[in-house]
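Just below is one structure, and these are the notes that go with it.
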Amino acid sequence: MPDNRISKLARVLVHYSLELKPGQQFLLTADPLARDLTLAVYEEAIKAGAHVTVMQPLPGADEIFFKHASDEQLEYVSPVRKLMIDTFDATLSLGAPENRRTLAGVDPKRMSRNQKANQGIMKTYMERAAKKELRWCVTVIPNNAHAQDADMSLADYTEFVFSAGMLNEEDPVAFWKKEGERQRRLANWLAGRDRVNIKGSNVDLSLSIKERTFVTADGKYNFPDGEIFTGPVEDSVNGWVRFRYPAIYAGQEVTDIELWFENGKVVREQASKNQELLTAMLNTDPGARYLGEWGIGTNYGIQKFTKNMLFDEKIGGTIHLAVGAAYPETGGKNQSGVHWDMLCDMAESEISVDGELFYQNGKPVI
């Protein structure tokens with residue numbers, strides 16, 4: 001029998017996350033295995049009066065492209081994709097890959113070259129999103145590839161995904177609105193402050209959030225959600241951080257990443273696995289070696305690391321740092337073709353802001 005939580009999720013995405021209105025242009029990008037949710041979202045969007053364009057990536061096509069494309073093809077920017085980012089009102093991505101490791105054998109320098117070529121599209125995307133001209137959301141549909149990454153059966157992973165989105169609740173939207181209120185209390189406390197010190201067994205960083213804004217994440221951009229985030233002052237980051245959790249990029253794992261910062265820039269990096277990929281991404285463009293985001297996970301209902309940052313960066317008791325492009329709505333100015341989140345465990349750690357304790361041992365203390 002079809003899972004009725006699929007149709008509930010479709011309604012939440014269309015009416016709460018994206019707030020689709022009649023006449024809006026809506027891009028729905030979905031993996032073939034997400035068929036049931038794709039059709040449910042399509043139906044809700046049509047009923048809402050939107051003009052829907054559906055795009056389905058062809059499994060295996062990215063691997064062929066990155067292995068065989070010429071330099072000219074790697075640097076080609078699709079005018080169709082550019083037109084959509086320039087003009088559409090909303091976009092939704094539904095992830096359900098058949099294989100999360102299809103790019104494991106790809107030269108990371110080729111991916112970096114393509115990312116750099118598309119930096120302009122990413123800049124437009126983020127700028128329009130910051131102005132609320134383009135609404136966007138990303139989610140996944142339970143499938144075997146994600147379940148295997150999470151070391152779960154498909155049945156257990158399905159329950160994990162729907163529970164994380166509060167889709168077992170009669171009114172998931174009511175939960176996410178309350179979560180937004182909790183996040184805003186934290187963001188309001190941080191508003192107008194400056195110096196941040198993050199210290200623990202995995203981190204010793206200082207940075208500035210002067211004149212920066214913390215954005216609350218309550219199901220409007222990612223679903224499920226649960227974080228607050230900002231863009232640090234670009235040249236303010238100094239110190240060291242170790243990411244005990246693997247960082248995933250294009251399906252490839254980079255493990256035991258350590259980064260050293262001086263005046264905002266990553267001046268040294270190392271990893272025990274896939275160091276070449278790490279360095280290639282950091283060398284994509286000048287902005288790739290600076291932080292575009294500092295986020296604090298606020299979803300204490302998500303406790304298991306699943307190798308999917310849609311969930312993992314929300315884990316209560318963690319922070320995440322993203323090298324590369326900043327979200328303009330935070331006041332961040334860093335530009336790059338890269339935006340790569342990395343997850344840091346904050347057990348036995350603390351965050352002080354302007355000398356006042358804000359966070360300790362995985363939880364806010366204000």
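Every chain in the structure tokens has a letter given in the order shown (A, B, ...), and although residue numbers restart at 1 in each chain, ligands are simply numbered from 1 in the order shown.
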**Message:** Can you pull out the residues contacting A:Arg268? Cut-off 10 Å, using only C-alpha atoms, and skip same-chain residues under 2 positions away; I want them as a PyMOL selection string.
**Reply:** chain A and resi 240+258-262+265-266+270+279+289
Keeping C-alpha atoms, export the residues of the selection given above as a compact mmCIF listing (two decimals), in the first residue's frame.
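Output saved as again.txt:
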```
# COMPACT_ATOMS: atom_id res chain seq x y z
CA TRP A 240 42.19 24.76 13.76
CA GLU A 258 41.78 18.89 9.52
CA LEU A 259 41.90 22.54 8.47
CA TRP A 260 44.17 25.34 9.66
CA PHE A 261 43.00 28.96 9.18
CA GLU A 262 44.96 32.19 9.12
CA LYS A 265 41.99 31.41 4.70
CA VAL A 266 42.62 27.66 4.85
CA GLN A 270 44.96 17.18 5.53
CA THR A 279 42.79 19.88 -1.99
CA ARG A 289 39.56 28.40 0.88
```
**Request:** Would you kindly return, as number ranges by chain, each protein, DNA or RNA residue with an atom no farther than 12 Å from any atom of A:Met342, considering only C-alpha atoms and excluding same-chain residues fewer than 4 positions away?
**Result:** A: 241-249, 253-259, 278, 291-296, 307-310, 312-314, 318-324
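Every protein, DNA or RNA residue with an atom at most 6 Å from stretch 345-349 of chain A, where only C-alpha atoms count and chain neighbours fewer than 2 positions away do not, is listed here: Lys199, Gly200, Gly317, Thr318, Gln360, Asn361 and Gly362 of chain A.
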Could you turn the residues from that selection into a file that holds C-alpha atoms, as a PDB file, in the first residue's frame?
```
ATOM      1  CA  LYS A 199      36.998  25.401  21.878  1.00  0.00           C
ATOM      2  CA  GLY A 200      36.982  21.644  22.413  1.00  0.00           C
ATOM      3  CA  GLY A 317      25.250  18.655  19.518  1.00  0.00           C
ATOM      4  CA  THR A 318      27.146  19.493  16.327  1.00  0.00           C
ATOM      5  CA  GLN A 360      28.447  23.964  26.211  1.00  0.00           C
ATOM      6  CA  ASN A 361      28.699  20.197  25.787  1.00  0.00           C
ATOM      7  CA  GLY A 362      26.400  20.084  22.778  1.00  0.00           C
TER       8      GLY A 362
END
```
**Asked** So which residues touch stretch 142-153 of chain A within 12 Å, counting only C-alpha atoms, skipping near sequence neighbours fewer than 3 positions away, as number ranges by chain?
**Response** A: 3, 5-6, 31-37, 94-102, 139, 156-164, 246, 248, 251-253, 303-312
**Spatial neighbours of A:Val196, 12 Å, only C-alpha atoms, chain gap at least 5 places, as an NGL selection string** = :A and (190 or 204-210 or 232-233 or 236-239 or 294 or 350-359)
**Request:** Could you pull out the residues in stretch 263-353 of chain A that DSSP calls alpha helix (DSSP H) from the backbone, as a list in words?
**Result:**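 Secondary structure check on stretch 263-353 of chain A, alpha helix (DSSP H): Gln275, Glu276, Leu277, Leu278, Thr279, Ala280, Met281, Leu282, Met309, Leu310, Phe311 and Asp312 of chain A.
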Suppose we keep C-alpha atoms; can you now write the selection as a PDB file, in the first residue's frame?
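Result file is selection-v7.pdb:
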```pdb
ATOM      1  CA  GLN A 275      43.251  14.173   0.403  1.00  0.00           C
ATOM      2  CA  GLU A 276      43.490  14.829  -3.349  1.00  0.00           C
ATOM      3  CA  LEU A 277      39.766  15.545  -3.555  1.00  0.00           C
ATOM      4  CA  LEU A 278      39.925  17.861  -0.536  1.00  0.00           C
ATOM      5  CA  THR A 279      42.789  19.882  -1.993  1.00  0.00           C
ATOM      6  CA  ALA A 280      41.230  20.003  -5.470  1.00  0.00           C
ATOM      7  CA  MET A 281      37.971  21.423  -4.123  1.00  0.00           C
ATOM      8  CA  LEU A 282      39.803  23.982  -1.972  1.00  0.00           C
ATOM      9  CA  MET A 309      24.243  16.293   5.218  1.00  0.00           C
ATOM     10  CA  LEU A 310      20.546  16.978   4.713  1.00  0.00           C
ATOM     11  CA  PHE A 311      20.145  15.233   8.075  1.00  0.00           C
ATOM     12  CA  ASP A 312      23.644  15.266   9.559  1.00  0.00           C
TER      13      ASP A 312
END
```
Residues near A:Glu211, anyone? I mean within 10 Å using only C-alpha atoms, not counting same-chain ones fewer than 4 positions away, as a short mmCIF file (atom, residue, chain, number, x, y, z; two decimals) with N, CA and C atoms, in the first residue's frame.
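part-v5.cif, freshly written:
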```cif
data_model
loop_
_atom_site.label_atom_id
_atom_site.label_comp_id
_atom_site.auth_asym_id
_atom_site.auth_seq_id
_atom_site.Cartn_x
_atom_site.Cartn_y
_atom_site.Cartn_z
N ALA A 191 22.33 38.28 17.78
CA ALA A 191 22.28 39.49 16.95
C ALA A 191 23.08 40.62 17.57
N GLY A 192 23.86 41.30 16.75
CA GLY A 192 24.62 42.45 17.21
C GLY A 192 25.91 42.12 17.92
N ARG A 193 26.26 40.84 18.02
CA ARG A 193 27.49 40.45 18.71
C ARG A 193 28.64 40.32 17.72
N ASP A 194 29.84 40.04 18.25
CA ASP A 194 31.04 40.12 17.42
C ASP A 194 31.92 38.88 17.55
N PRO A 232 30.51 33.83 8.55
CA PRO A 232 31.50 34.57 9.34
C PRO A 232 32.16 35.68 8.53
N VAL A 233 32.64 36.70 9.22
CA VAL A 233 33.42 37.74 8.55
C VAL A 233 34.61 37.06 7.87
N THR A 330 22.77 36.20 4.99
CA THR A 330 23.48 36.26 6.27
C THR A 330 24.39 37.47 6.37
N GLY A 331 24.58 38.16 5.26
CA GLY A 331 25.57 39.23 5.21
C GLY A 331 26.91 38.74 4.70
N GLY A 332 27.03 37.43 4.48
CA GLY A 332 28.27 36.85 3.98
C GLY A 332 28.56 37.32 2.56
#
```
**Request:** Among the residues of stretch 195-295 of chain A, find those DSSP assigns to strand (DSSP E) from the backbone and print them as a ChimeraX atom specification.
**Result:** /A:195-200,203-208,215-217,227-230,238-243,247-249,252-254,257-262,265-270,291-295
**Request:** Would you mind listing what lies within 6 Å of stretch 66-77 of chain A as number ranges by chain, with only C-alpha atoms counted and same-chain residues fewer than 2 positions away left out?
**Result:** A: 63-64, 114, 117
**Prompt:** What does the distance between atom CA of A:Val365 and atom CA of A:Arg182 come to in Å, to one decimal place?
**Reply:** 13.2 Å
**Request:** Name the closest residue to A:Glu181 among the candidates A:Gly165, A:Gly226, A:Pro286, A:Gly60; distances are taken between atoms, counting only C-alpha atoms.
**Result:**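 For A:Glu181, the nearest of the candidates is A:Gly226.
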**Request:** Would you mind telling me which residue in A:Leu134, A:Leu9, A:His51, A:Pro59 lies nearest to A:Pro22 when using only C-alpha atoms?
**Result:**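 Smallest distance to A:Pro22 is found for A:His51.
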**Message:** For a quick check of understanding, using only C-alpha atoms, which of A:Thr230, A:Ser93, A:Gln25, A:Thr87 has the smallest distance to A:Val41?
**Reply:**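 Looking only at the distances to A:Val41, the closest residue turns out to be A:Ser93.
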**Message:** Under the rule that only C-alpha atoms are counted, which of A:Lys8, A:His339, A:Arg212, A:Lys132 is the nearest residue to A:Val173?
**Reply:**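 Counting only C-alpha atoms, the residue closest to A:Val173 is A:Lys8.
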**Asked** Between A:Val203, A:Ala130, A:Ala326, A:Val52, which one has atoms that come closest to A:Leu343, using only C-alpha atoms?
**Response**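 Of the candidates, the smallest distance to A:Leu343 is held by A:Val203.
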**Prompt:** Separation of atom CA of A:Val14 and atom CA of A:Gln183, in Å?
**Reply:**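 Result for atom CA of A:Val14 versus atom CA of A:Gln183: 22.6 Å, one decimal.
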